[in-house]
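**Student:** File follows, final01.csv with CSV, C-alpha atoms (C1' of nucleotides):
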```csv
chain,number,residue,atom,x,y,z
A,663,MET,CA,-93.3,-172.6,-139.8
A,664,ALA,CA,-92.8,-172.3,-136.1
A,665,ARG,CA,-92.6,-168.6,-135.4
A,666,LYS,CA,-90.3,-167.6,-132.7
A,667,ALA,CA,-91.1,-165.8,-129.4
A,668,SER,CA,-90.8,-162.1,-129.3
A,669,GLY,CA,-88.2,-161.0,-126.8
A,670,ARG,CA,-89.0,-159.1,-123.7
A,671,PRO,CA,-91.1,-156.1,-124.4
A,672,PRO,CA,-89.4,-152.7,-124.1
A,673,GLU,CA,-89.8,-150.9,-120.8
A,674,GLU,CA,-92.2,-148.5,-122.5
A,675,ALA,CA,-94.7,-151.3,-123.2
A,676,LEU,CA,-94.3,-152.8,-119.7
A,677,TRP,CA,-95.0,-149.3,-118.3
A,678,LEU,CA,-98.2,-149.1,-120.2
A,679,TRP,CA,-99.2,-152.6,-119.1
A,680,LYS,CA,-98.6,-151.7,-115.4
A,681,ARG,CA,-100.7,-148.6,-115.9
A,682,GLU,CA,-103.5,-150.8,-117.4
A,683,GLN,CA,-103.3,-153.2,-114.5
A,684,ALA,CA,-103.5,-150.4,-111.9
A,685,LEU,CA,-106.5,-148.9,-113.7
A,686,LEU,CA,-108.4,-152.2,-114.0
A,687,LYS,CA,-107.5,-153.2,-110.4
A,688,THR,CA,-109.7,-150.5,-109.1
A,689,LEU,CA,-112.6,-152.3,-110.6
A,690,VAL,CA,-112.0,-155.7,-108.8
A,691,VAL,CA,-114.6,-156.8,-106.4
A,692,ASP,CA,-113.2,-159.2,-103.8
A,693,ARG,CA,-116.3,-160.3,-102.0
A,694,ASP,CA,-119.3,-162.5,-102.8
A,695,THR,CA,-121.8,-160.8,-105.0
A,696,GLU,CA,-124.1,-163.8,-105.8
A,697,ALA,CA,-126.5,-165.6,-103.5
A,698,TRP,CA,-125.2,-169.1,-104.3
A,699,GLN,CA,-121.7,-168.1,-103.2
A,700,ARG,CA,-122.9,-167.9,-99.6
A,701,ASP,CA,-125.0,-171.0,-99.6
A,702,PRO,CA,-123.4,-174.0,-97.8
A,703,ALA,CA,-124.2,-176.3,-100.7
A,704,PHE,CA,-123.8,-173.6,-103.4
A,705,SER,CA,-127.4,-174.3,-104.3
A,706,GLY,CA,-128.3,-172.0,-107.2
A,707,LEU,CA,-125.0,-172.8,-108.9
A,708,GLN,CA,-125.5,-174.8,-112.0
A,709,ARG,CA,-122.7,-173.9,-114.4
A,710,VAL,CA,-119.0,-173.6,-113.8
A,711,GLY,CA,-116.6,-172.6,-116.5
A,712,GLY,CA,-112.9,-173.1,-117.2
A,713,VAL,CA,-110.4,-171.6,-119.6
A,714,ASP,CA,-107.0,-172.5,-120.7
A,715,VAL,CA,-104.5,-171.9,-123.5
A,716,SER,CA,-102.3,-174.7,-124.8
A,717,PHE,CA,-99.4,-174.3,-127.1
A,718,VAL,CA,-97.9,-176.0,-130.2
A,719,LYS,CA,-94.7,-177.5,-129.1
A,720,GLY,CA,-92.0,-175.8,-131.2
A,721,ASP,CA,-94.0,-172.7,-131.6
A,722,SER,CA,-94.5,-169.9,-129.1
A,723,VAL,CA,-97.1,-168.1,-131.2
A,724,SER,CA,-99.6,-170.8,-132.3
A,725,ALA,CA,-101.9,-171.9,-129.5
A,726,CYS,CA,-105.4,-173.2,-128.8
A,727,ALA,CA,-107.6,-171.2,-126.5
A,728,SER,CA,-110.5,-173.1,-124.9
A,729,LEU,CA,-113.5,-172.4,-122.9
A,730,VAL,CA,-115.6,-175.1,-121.3
A,731,VAL,CA,-118.7,-175.1,-119.2
A,732,LEU,CA,-119.6,-177.9,-116.8
A,733,SER,CA,-122.7,-178.6,-114.9
A,734,TYR,CA,-122.6,-178.3,-111.2
A,735,PRO,CA,-122.4,-180.4,-109.1
A,736,GLU,CA,-122.2,-183.2,-111.7
A,737,LEU,CA,-119.2,-181.6,-113.4
A,738,GLU,CA,-120.2,-182.9,-116.8
A,739,VAL,CA,-119.1,-180.9,-119.9
A,740,MET,CA,-122.1,-179.1,-121.5
A,741,TYR,CA,-120.2,-176.7,-123.7
A,742,GLU,CA,-116.8,-176.7,-125.3
A,743,ASP,CA,-115.1,-174.2,-127.6
A,744,CYS,CA,-111.6,-174.6,-128.9
A,745,ARG,CA,-110.0,-172.3,-131.4
A,746,MET,CA,-106.5,-171.8,-132.8
A,747,VAL,CA,-105.1,-168.3,-132.1
A,748,SER,CA,-101.9,-166.5,-132.9
A,749,LEU,CA,-100.5,-165.0,-129.7
A,750,THR,CA,-98.9,-161.6,-130.2
A,751,ALA,CA,-97.5,-160.8,-126.8
A,752,PRO,CA,-94.6,-162.8,-125.2
A,753,TYR,CA,-94.9,-164.4,-121.8
A,754,VAL,CA,-93.6,-162.1,-119.1
A,755,SER,CA,-94.1,-163.1,-115.5
A,756,GLY,CA,-96.5,-160.7,-114.0
A,757,PHE,CA,-98.1,-159.9,-117.4
A,758,LEU,CA,-99.6,-163.2,-118.4
A,759,ALA,CA,-103.0,-161.7,-119.1
A,760,PHE,CA,-101.7,-159.5,-121.9
A,761,ARG,CA,-100.7,-162.7,-123.7
A,762,GLU,CA,-103.8,-164.8,-123.1
A,763,VAL,CA,-106.7,-162.8,-122.0
A,764,PRO,CA,-107.9,-161.2,-125.3
A,765,PHE,CA,-108.7,-164.7,-126.7
A,766,LEU,CA,-110.5,-165.8,-123.5
A,767,VAL,CA,-112.6,-162.6,-123.6
A,768,ASP,CA,-113.4,-163.4,-127.2
A,769,ALA,CA,-114.5,-166.9,-126.3
A,770,VAL,CA,-116.8,-165.6,-123.5
A,771,GLN,CA,-118.2,-163.0,-125.9
A,772,GLN,CA,-119.0,-165.6,-128.5
A,773,LEU,CA,-120.7,-167.8,-125.9
A,774,TRP,CA,-122.8,-164.9,-124.9
A,775,GLU,CA,-123.8,-164.3,-128.5
A,776,LYS,CA,-124.5,-168.0,-129.4
A,777,GLU,CA,-125.5,-169.8,-126.3
A,778,PRO,CA,-126.3,-167.2,-123.6
A,779,ARG,CA,-128.1,-169.8,-121.5
A,780,LEU,CA,-124.9,-171.7,-121.1
A,781,MET,CA,-123.0,-168.7,-119.7
A,782,PRO,CA,-121.1,-170.0,-116.6
A,783,GLN,CA,-121.8,-168.4,-113.3
A,784,VAL,CA,-118.1,-168.5,-112.4
A,785,LEU,CA,-114.9,-169.0,-114.3
A,786,PHE,CA,-111.8,-171.0,-113.1
A,787,VAL,CA,-108.7,-169.4,-114.5
A,788,ASP,CA,-105.3,-171.1,-114.9
A,789,GLY,CA,-103.1,-168.6,-113.0
A,790,ASN,CA,-103.3,-166.2,-110.1
A,791,GLY,CA,-105.9,-163.6,-109.1
A,792,VAL,CA,-104.9,-161.0,-106.5
A,793,LEU,CA,-101.9,-163.2,-105.6
A,794,HIS,CA,-99.8,-161.2,-108.0
A,795,HIS,CA,-96.9,-158.7,-108.2
A,796,ARG,CA,-99.3,-155.8,-108.4
A,797,GLY,CA,-102.4,-157.5,-107.0
A,798,PHE,CA,-103.9,-158.0,-110.5
A,799,GLY,CA,-103.3,-161.4,-112.0
A,800,VAL,CA,-104.9,-163.0,-115.1
A,801,ALA,CA,-108.0,-164.1,-113.1
A,802,CYS,CA,-108.7,-160.6,-112.0
A,803,HIS,CA,-108.1,-159.3,-115.5
A,804,LEU,CA,-110.5,-161.7,-117.1
A,805,GLY,CA,-113.0,-161.2,-114.4
A,806,VAL,CA,-113.1,-157.4,-114.8
A,807,LEU,CA,-113.2,-157.6,-118.6
A,808,THR,CA,-116.0,-160.1,-118.6
A,809,ASP,CA,-117.7,-159.0,-115.4
A,810,LEU,CA,-117.9,-162.7,-114.4
A,811,PRO,CA,-117.0,-164.1,-111.0
A,812,CYS,CA,-113.5,-165.6,-111.4
A,813,ILE,CA,-111.2,-167.8,-109.3
A,814,GLY,CA,-107.5,-167.9,-109.8
A,815,VAL,CA,-105.9,-171.3,-109.5
A,816,ALA,CA,-102.1,-171.6,-109.9
A,817,LYS,CA,-100.1,-174.8,-109.7
A,818,LYS,CA,-97.0,-173.1,-108.3
A,819,LEU,CA,-96.5,-170.5,-105.7
A,820,LEU,CA,-95.8,-167.1,-107.2
A,821,GLN,CA,-93.2,-165.7,-104.8
A,822,VAL,CA,-94.3,-162.1,-104.3
A,823,ASP,CA,-94.8,-159.7,-101.4
A,824,GLY,CA,-92.6,-161.8,-99.1
A,825,LEU,CA,-94.2,-165.1,-99.9
A,826,GLU,CA,-91.5,-167.8,-100.3
A,827,ASN,CA,-91.6,-171.5,-101.2
A,828,ASN,CA,-89.1,-172.2,-98.4
A,829,ALA,CA,-88.7,-174.9,-95.8
A,830,LEU,CA,-91.4,-173.4,-93.6
A,831,HIS,CA,-93.8,-173.2,-96.5
A,832,LYS,CA,-93.1,-176.8,-97.4
A,833,GLU,CA,-93.7,-177.9,-93.9
A,834,LYS,CA,-97.1,-176.2,-93.8
A,835,ILE,CA,-97.9,-178.1,-97.0
A,836,ARG,CA,-96.8,-181.4,-95.4
A,837,LEU,CA,-99.2,-180.7,-92.5
A,838,LEU,CA,-102.2,-180.5,-94.7
A,839,LYS,CA,-104.1,-183.6,-93.8
A,840,ALA,CA,-107.2,-184.1,-96.0
A,841,GLY,CA,-108.5,-182.8,-99.2
A,842,GLY,CA,-110.1,-179.4,-98.5
A,843,ASP,CA,-107.4,-178.5,-95.9
A,844,SER,CA,-105.7,-175.2,-96.5
A,845,PHE,CA,-103.6,-172.4,-95.0
A,846,PRO,CA,-103.5,-168.7,-95.7
A,847,LEU,CA,-100.8,-167.0,-97.7
A,848,MET,CA,-100.1,-163.8,-96.0
A,849,GLY,CA,-98.3,-161.1,-97.8
A,850,GLY,CA,-95.7,-158.8,-96.2
A,851,SER,CA,-98.4,-156.2,-95.7
A,852,GLY,CA,-100.4,-158.5,-93.5
A,853,THR,CA,-103.0,-159.1,-96.1
A,854,VAL,CA,-104.1,-162.6,-97.0
A,855,LEU,CA,-103.4,-162.9,-100.7
A,856,GLY,CA,-104.6,-166.4,-101.2
A,857,MET,CA,-104.8,-170.0,-99.8
A,858,ALA,CA,-102.7,-173.1,-100.4
A,859,LEU,CA,-105.3,-175.8,-100.8
A,860,LYS,CA,-104.9,-179.6,-100.7
A,861,SER,CA,-107.4,-180.3,-103.5
A,862,HIS,CA,-107.9,-183.9,-102.7
A,863,ASP,CA,-106.8,-186.5,-100.1
A,864,HIS,CA,-103.9,-187.9,-102.0
A,865,SER,CA,-102.4,-184.8,-103.5
A,866,THR,CA,-98.9,-183.8,-102.4
A,867,LYS,CA,-98.7,-180.5,-104.2
A,868,PRO,CA,-101.3,-177.9,-103.2
A,869,LEU,CA,-103.2,-175.5,-105.4
A,870,TYR,CA,-102.7,-171.8,-104.9
A,871,VAL,CA,-106.2,-170.2,-104.9
A,872,SER,CA,-106.8,-166.5,-105.0
A,873,VAL,CA,-109.6,-164.2,-105.7
A,874,GLY,CA,-110.1,-163.2,-109.3
A,875,HIS,CA,-113.3,-161.2,-109.2
A,876,LYS,CA,-116.8,-161.0,-107.6
A,877,MET,CA,-116.1,-163.7,-105.0
A,878,SER,CA,-114.6,-164.0,-101.5
A,879,LEU,CA,-111.5,-166.1,-100.9
A,880,GLU,CA,-113.4,-168.4,-98.6
A,881,ALA,CA,-116.0,-169.2,-101.2
A,882,ALA,CA,-113.4,-169.5,-103.9
A,883,VAL,CA,-111.4,-172.1,-101.9
A,884,ARG,CA,-114.6,-174.0,-100.9
A,885,LEU,CA,-115.8,-174.1,-104.5
A,886,THR,CA,-112.4,-175.1,-105.9
A,887,HIS,CA,-112.4,-178.1,-103.6
A,888,GLY,CA,-115.9,-178.9,-104.6
A,889,CYS,CA,-114.8,-179.0,-108.3
A,890,CYS,CA,-111.8,-181.3,-107.9
A,891,LYS,CA,-112.2,-184.9,-109.0
A,892,PHE,CA,-108.4,-184.8,-109.3
A,893,ARG,CA,-105.8,-182.2,-108.3
A,894,ILE,CA,-106.7,-179.7,-110.9
A,895,PRO,CA,-110.3,-178.3,-110.8
A,896,GLU,CA,-112.4,-180.1,-113.4
A,897,PRO,CA,-113.3,-177.0,-115.4
A,898,VAL,CA,-109.6,-176.1,-115.9
A,899,ARG,CA,-108.6,-179.7,-116.4
A,900,GLN,CA,-111.2,-180.2,-119.1
A,901,ALA,CA,-110.2,-177.0,-120.8
A,902,ASP,CA,-106.6,-178.1,-120.8
A,903,ILE,CA,-107.3,-181.7,-122.0
A,904,ARG,CA,-109.5,-180.5,-124.8
A,905,SER,CA,-107.3,-177.7,-126.0
A,906,ARG,CA,-104.3,-180.0,-126.2
A,907,ASP,CA,-106.4,-182.6,-127.9
A,908,TYR,CA,-107.5,-180.1,-130.4
A,909,ILE,CA,-103.9,-179.2,-131.2
A,910,ARG,CA,-102.9,-182.8,-131.4
A,911,ARG,CA,-105.6,-183.5,-134.0
A,912,THR,CA,-105.0,-180.2,-135.9
A,913,LEU,CA,-101.3,-180.9,-136.7
A,914,GLY,CA,-101.2,-184.5,-135.9
A,915,VAL,CA,-101.1,-185.3,-139.6
A,916,GLN,CA,-98.1,-183.1,-140.2
A,917,GLY,CA,-96.2,-183.4,-137.0
A,918,ALA,CA,-95.9,-187.2,-136.8
A,919,PRO,CA,-95.6,-189.9,-139.5
A,920,ALA,CA,-98.9,-189.9,-141.2
A,921,LEU,CA,-100.7,-193.0,-140.1
A,922,ARG,CA,-104.0,-191.7,-141.6
A,923,PRO,CA,-103.4,-190.1,-145.0
A,924,GLU,CA,-106.9,-188.8,-145.1
A,925,ARG,CA,-107.3,-186.7,-142.1
A,926,SER,CA,-107.9,-183.0,-142.4
A,927,LYS,CA,-108.8,-180.7,-139.6
A,928,LYS,CA,-112.4,-181.6,-139.2
A,929,ALA,CA,-113.4,-183.4,-136.1
A,930,GLN,CA,-114.9,-181.6,-133.3
A,931,SER,CA,-118.4,-181.4,-131.8
A,932,PRO,CA,-119.0,-183.8,-128.9
A,933,LYS,CA,-121.6,-181.7,-127.3
A,934,ALA,CA,-122.9,-178.3,-128.1
A,935,CYS,CA,-119.5,-177.1,-129.1
A,936,PRO,CA,-118.8,-174.4,-131.7
A,937,GLN,CA,-115.4,-175.2,-133.1
A,938,GLY,CA,-114.3,-171.7,-133.7
A,939,ALA,CA,-115.9,-171.2,-137.1
A,940,SER,CA,-112.6,-172.1,-138.7
A,941,GLU,CA,-111.8,-168.7,-140.1
A,942,GLU,CA,-108.6,-166.8,-139.9
A,943,PRO,CA,-106.6,-167.2,-136.7
A,944,ALA,CA,-107.9,-164.7,-134.2
A,945,GLY,CA,-105.5,-162.4,-132.6
A,946,THR,CA,-104.2,-160.8,-135.7
A,947,PHE,CA,-105.1,-157.4,-134.7
A,948,LYS,CA,-106.5,-155.9,-137.9
A,949,GLY,CA,-107.0,-152.2,-137.5
A,950,THR,CA,-103.5,-151.9,-136.1
A,951,PRO,CA,-100.9,-149.9,-138.0
A,952,SER,CA,-98.0,-152.2,-138.5
A,953,GLY,CA,-95.1,-151.2,-136.4
A,954,ARG,CA,-97.0,-149.2,-133.9
A,955,GLU,CA,-98.8,-150.7,-131.0
A,956,ALA,CA,-96.7,-153.8,-131.0
A,957,TYR,CA,-98.9,-155.1,-128.2
A,958,PRO,CA,-102.6,-155.2,-127.7
A,959,ARG,CA,-104.5,-153.1,-125.2
A,960,PHE,CA,-108.2,-153.6,-124.6
A,961,SER,CA,-109.7,-152.4,-121.4
A,962,SER,CA,-111.5,-149.3,-122.6
A,963,VAL,CA,-112.3,-151.0,-125.8
A,964,VAL,CA,-113.7,-154.3,-124.6
A,965,LEU,CA,-115.6,-153.1,-121.6
A,966,PRO,CA,-118.3,-151.1,-123.4
A,967,ARG,CA,-118.8,-154.0,-125.9
A,968,LEU,CA,-119.6,-156.5,-123.2
A,969,PRO,CA,-123.3,-157.2,-122.5
A,970,GLN,CA,-124.8,-156.2,-119.2
A,971,LEU,CA,-124.5,-158.9,-116.7
A,972,SER,CA,-127.9,-160.4,-116.1
A,973,LEU,CA,-127.6,-164.1,-115.4
A,974,PRO,CA,-129.9,-166.2,-117.6
A,975,LEU,CA,-132.9,-167.4,-115.6
A,976,ASP,CA,-133.7,-171.1,-116.0
B,657,DG,C1',-72.3,-166.4,-111.2
B,658,DC,C1',-77.0,-167.3,-108.9
B,659,DG,C1',-81.7,-167.3,-108.2
B,660,DA,C1',-86.5,-166.4,-110.0
B,661,DC,C1',-89.6,-167.4,-113.4
B,662,DA,C1',-98.3,-167.7,-112.8
B,663,DG,C1',-98.6,-169.9,-118.1
C,26,DA,C1',-96.2,-173.7,-121.5
C,27,DT,C1',-93.4,-178.0,-123.7
C,28,DC,C1',-89.6,-181.8,-123.9
C,29,DT,C1',-90.9,-187.4,-122.1
C,30,DT,C1',-91.7,-194.1,-120.4
C,31,DG,C1',-92.4,-196.7,-117.5
C,32,DT,C1',-94.0,-197.6,-113.1
C,33,DC,C1',-96.4,-198.0,-108.7
C,34,DG,C1',-100.9,-198.1,-106.6
C,35,DC,C1',-106.0,-198.3,-106.1
```
Mind turning the file's structure into structure tokens?
**Tutor:**
Amino acid sequence: MARKASGRPPEEALWLWKREQALLKTLVVDRDTEAWQRDPAFSGLQRVGGVDVSFVKGDSVSACASLVVLSYPELEVMYEDCRMVSLTAPYVSGFLAFREVPFLVDAVQQLWEKEPRLMPQVLFVDGNGVLHHRGFGVACHLGVLTDLPCIGVAKKLLQVDGLENNALHKEKIRLLKAGGDSFPLMGGSGTVLGMALKSHDHSTKPLYVSVGHKMSLEAAVRLTHGCCKFRIPEPVRQADIRSRDYIRRTLGVQGAPALRPERSKKAQSPKACPQGASEEPAGTFKGTPSGREAYPRFSSVVLPRLPQLSLPLD
DNA sequence: GCGACAG
DNA sequence: ATCTTGTCGC
């Protein structure tokens, strides 16, 4: 029952999405807002979060959205939430957030309701922040909707505003010596959109870090390096590993030759991990008249619902 | 036809 | 994103 991907949205929808991005972009804060962000050792920082969405192989609709929270600086998982969702919007470069962000916001919202003390003080997002076609990537989008500091971490350079993955760029990468080394990514307008970061000593491919929300680029790069045990920042890496694992166990019985006849979909709770209450797949926009509003919009709907940001005191 | 294309 | 085994290195 692998549903197929919707084609490219009509220009009408893309126009609305661009308008949405332009509106929300005015709310982005691209500087440090928390004391720990300026501390040389990030003292005061205790919880870092990561989000990711993994897909079912032959299906472009079924996916697993995950949110994990790790302790800092130990980087041990203290919270995990994986849930199957049905994506409605197709993937369109430049509009990734409209496909994935609603589910990530839900996950954050649920964490706030059930384990507010575990709310991360910063979120690592798989994708770009201001390093984006219109300066508002998925990391900015999630940051604004949740009001949490966010860092965009992409694995490939998004070639926008004059940025090119050309010979010169590759040479700069080759010159990065040790983990933590980086160089600025300057857009055509002379603005630094992000940094290419060698996340650890023996990594060939850099990470492309950009500001998502409520954090300076300098702090974002420094913290990203501080969260890398491997090339991918541990919060995002754990979210990725666990979401894929969840999928593998969810349809492992049906997908491959059943080695274990008695294996339903019940196995999940290593730590303090709510496994998505196993209800109907989220993302099936209920109060939506079928036919109209083919794609979700949420800014003005979600913002008022979110709780006031007041970091839990320990 | 060719290059781009976050996830 | 996903399709995919072994292999080289610490």
**Student:** Between CA of Asp714 (chain A) and CA of Leu729 (chain A), what is the spacing in Å?
**Tutor:** 6.9 Å
**Student:** Contacts from chain A to chain C, 9 Å maximum, all atoms listed in the file: show me the residue list as a PDB file with C-alpha atoms, in the frame of the given file.
**Tutor:**
```
ATOM      1  CA  VAL A 715    -104.500-171.900-123.500  1.00  0.00           C
ATOM      2  CA  SER A 716    -102.300-174.700-124.800  1.00  0.00           C
ATOM      3  CA  PHE A 717     -99.400-174.300-127.100  1.00  0.00           C
ATOM      4  CA  VAL A 718     -97.900-176.000-130.200  1.00  0.00           C
ATOM      5  CA  LYS A 719     -94.700-177.500-129.100  1.00  0.00           C
ATOM      6  CA  GLY A 720     -92.000-175.800-131.200  1.00  0.00           C
ATOM      7  CA  SER A 722     -94.500-169.900-129.100  1.00  0.00           C
TER       8      SER A 722
END
```
**Student:** Set out as JSON lines a contact list for chain A and chain B with a cut-off of 10 Å, giving each residue of chain A that qualifies its closest atom pair and distance in Å to one decimal, counting all atoms listed in the file, ordered by chain and rising residue number.
**Tutor:**
```
{"residue": "A:Asp714", "atom": "CA", "partner": "B:DG663", "partner_atom": "C1'", "distance": 9.2}
{"residue": "A:Val715", "atom": "CA", "partner": "B:DG663", "partner_atom": "C1'", "distance": 8.2}
{"residue": "A:Ser716", "atom": "CA", "partner": "B:DG663", "partner_atom": "C1'", "distance": 9.0}
{"residue": "A:Tyr753", "atom": "CA", "partner": "B:DG663", "partner_atom": "C1'", "distance": 7.6}
{"residue": "A:Val754", "atom": "CA", "partner": "B:DC661", "partner_atom": "C1'", "distance": 8.8}
{"residue": "A:Ser755", "atom": "CA", "partner": "B:DC661", "partner_atom": "C1'", "distance": 6.6}
{"residue": "A:Gly756", "atom": "CA", "partner": "B:DA662", "partner_atom": "C1'", "distance": 7.3}
{"residue": "A:Phe757", "atom": "CA", "partner": "B:DA662", "partner_atom": "C1'", "distance": 9.1}
{"residue": "A:Leu758", "atom": "CA", "partner": "B:DG663", "partner_atom": "C1'", "distance": 6.8}
{"residue": "A:Ala759", "atom": "CA", "partner": "B:DG663", "partner_atom": "C1'", "distance": 9.4}
{"residue": "A:Arg761", "atom": "CA", "partner": "B:DG663", "partner_atom": "C1'", "distance": 9.4}
{"residue": "A:Glu762", "atom": "CA", "partner": "B:DG663", "partner_atom": "C1'", "distance": 8.8}
{"residue": "A:Asp788", "atom": "CA", "partner": "B:DG663", "partner_atom": "C1'", "distance": 7.5}
{"residue": "A:Gly789", "atom": "CA", "partner": "B:DA662", "partner_atom": "C1'", "distance": 4.9}
{"residue": "A:Asn790", "atom": "CA", "partner": "B:DA662", "partner_atom": "C1'", "distance": 5.9}
{"residue": "A:Gly791", "atom": "CA", "partner": "B:DA662", "partner_atom": "C1'", "distance": 9.4}
{"residue": "A:Leu793", "atom": "CA", "partner": "B:DA662", "partner_atom": "C1'", "distance": 9.2}
{"residue": "A:His794", "atom": "CA", "partner": "B:DA662", "partner_atom": "C1'", "distance": 8.2}
{"residue": "A:Gly799", "atom": "CA", "partner": "B:DA662", "partner_atom": "C1'", "distance": 8.1}
{"residue": "A:Val800", "atom": "CA", "partner": "B:DA662", "partner_atom": "C1'", "distance": 8.4}
{"residue": "A:Gly814", "atom": "CA", "partner": "B:DA662", "partner_atom": "C1'", "distance": 9.7}
{"residue": "A:Val815", "atom": "CA", "partner": "B:DA662", "partner_atom": "C1'", "distance": 9.0}
{"residue": "A:Ala816", "atom": "CA", "partner": "B:DA662", "partner_atom": "C1'", "distance": 6.2}
{"residue": "A:Lys817", "atom": "CA", "partner": "B:DA662", "partner_atom": "C1'", "distance": 8.0}
{"residue": "A:Lys818", "atom": "CA", "partner": "B:DA662", "partner_atom": "C1'", "distance": 7.1}
{"residue": "A:Leu819", "atom": "CA", "partner": "B:DA662", "partner_atom": "C1'", "distance": 7.8}
{"residue": "A:Leu820", "atom": "CA", "partner": "B:DA662", "partner_atom": "C1'", "distance": 6.2}
{"residue": "A:Gln821", "atom": "CA", "partner": "B:DA660", "partner_atom": "C1'", "distance": 8.5}
{"residue": "A:Tyr870", "atom": "CA", "partner": "B:DA662", "partner_atom": "C1'", "distance": 9.9}
```
**Student:** Grab the residues selected above and save them as a PDB file, keeping the file's coordinate frame with C-alpha atoms.
**Tutor:**
```pdb
ATOM      1  CA  ASP A 714    -107.000-172.500-120.700  1.00  0.00           C
ATOM      2  CA  VAL A 715    -104.500-171.900-123.500  1.00  0.00           C
ATOM      3  CA  SER A 716    -102.300-174.700-124.800  1.00  0.00           C
ATOM      4  CA  TYR A 753     -94.900-164.400-121.800  1.00  0.00           C
ATOM      5  CA  VAL A 754     -93.600-162.100-119.100  1.00  0.00           C
ATOM      6  CA  SER A 755     -94.100-163.100-115.500  1.00  0.00           C
ATOM      7  CA  GLY A 756     -96.500-160.700-114.000  1.00  0.00           C
ATOM      8  CA  PHE A 757     -98.100-159.900-117.400  1.00  0.00           C
ATOM      9  CA  LEU A 758     -99.600-163.200-118.400  1.00  0.00           C
ATOM     10  CA  ALA A 759    -103.000-161.700-119.100  1.00  0.00           C
ATOM     11  CA  ARG A 761    -100.700-162.700-123.700  1.00  0.00           C
ATOM     12  CA  GLU A 762    -103.800-164.800-123.100  1.00  0.00           C
ATOM     13  CA  ASP A 788    -105.300-171.100-114.900  1.00  0.00           C
ATOM     14  CA  GLY A 789    -103.100-168.600-113.000  1.00  0.00           C
ATOM     15  CA  ASN A 790    -103.300-166.200-110.100  1.00  0.00           C
ATOM     16  CA  GLY A 791    -105.900-163.600-109.100  1.00  0.00           C
ATOM     17  CA  LEU A 793    -101.900-163.200-105.600  1.00  0.00           C
ATOM     18  CA  HIS A 794     -99.800-161.200-108.000  1.00  0.00           C
ATOM     19  CA  GLY A 799    -103.300-161.400-112.000  1.00  0.00           C
ATOM     20  CA  VAL A 800    -104.900-163.000-115.100  1.00  0.00           C
ATOM     21  CA  GLY A 814    -107.500-167.900-109.800  1.00  0.00           C
ATOM     22  CA  VAL A 815    -105.900-171.300-109.500  1.00  0.00           C
ATOM     23  CA  ALA A 816    -102.100-171.600-109.900  1.00  0.00           C
ATOM     24  CA  LYS A 817    -100.100-174.800-109.700  1.00  0.00           C
ATOM     25  CA  LYS A 818     -97.000-173.100-108.300  1.00  0.00           C
ATOM     26  CA  LEU A 819     -96.500-170.500-105.700  1.00  0.00           C
ATOM     27  CA  LEU A 820     -95.800-167.100-107.200  1.00  0.00           C
ATOM     28  CA  GLN A 821     -93.200-165.700-104.800  1.00  0.00           C
ATOM     29  CA  TYR A 870    -102.700-171.800-104.900  1.00  0.00           C
TER      30      TYR A 870
END
```
**Student:** May I ask for the distance between CA of Leu766 (chain A) and CA of Met781 (chain A), given in Å to one decimal place?
**Tutor:**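 Computing the Euclidean distance for CA of Leu766 (chain A) and CA of Met781 (chain A) yields 13.4 Å.
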**Student:** Could you tell me how far CA of Glu777 (chain A) lies from CA of Ala901 (chain A), in Å and to one decimal?
**Tutor:**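 So the two atoms, CA of Glu777 (chain A) and CA of Ala901 (chain A), lie 17.8 Å apart.
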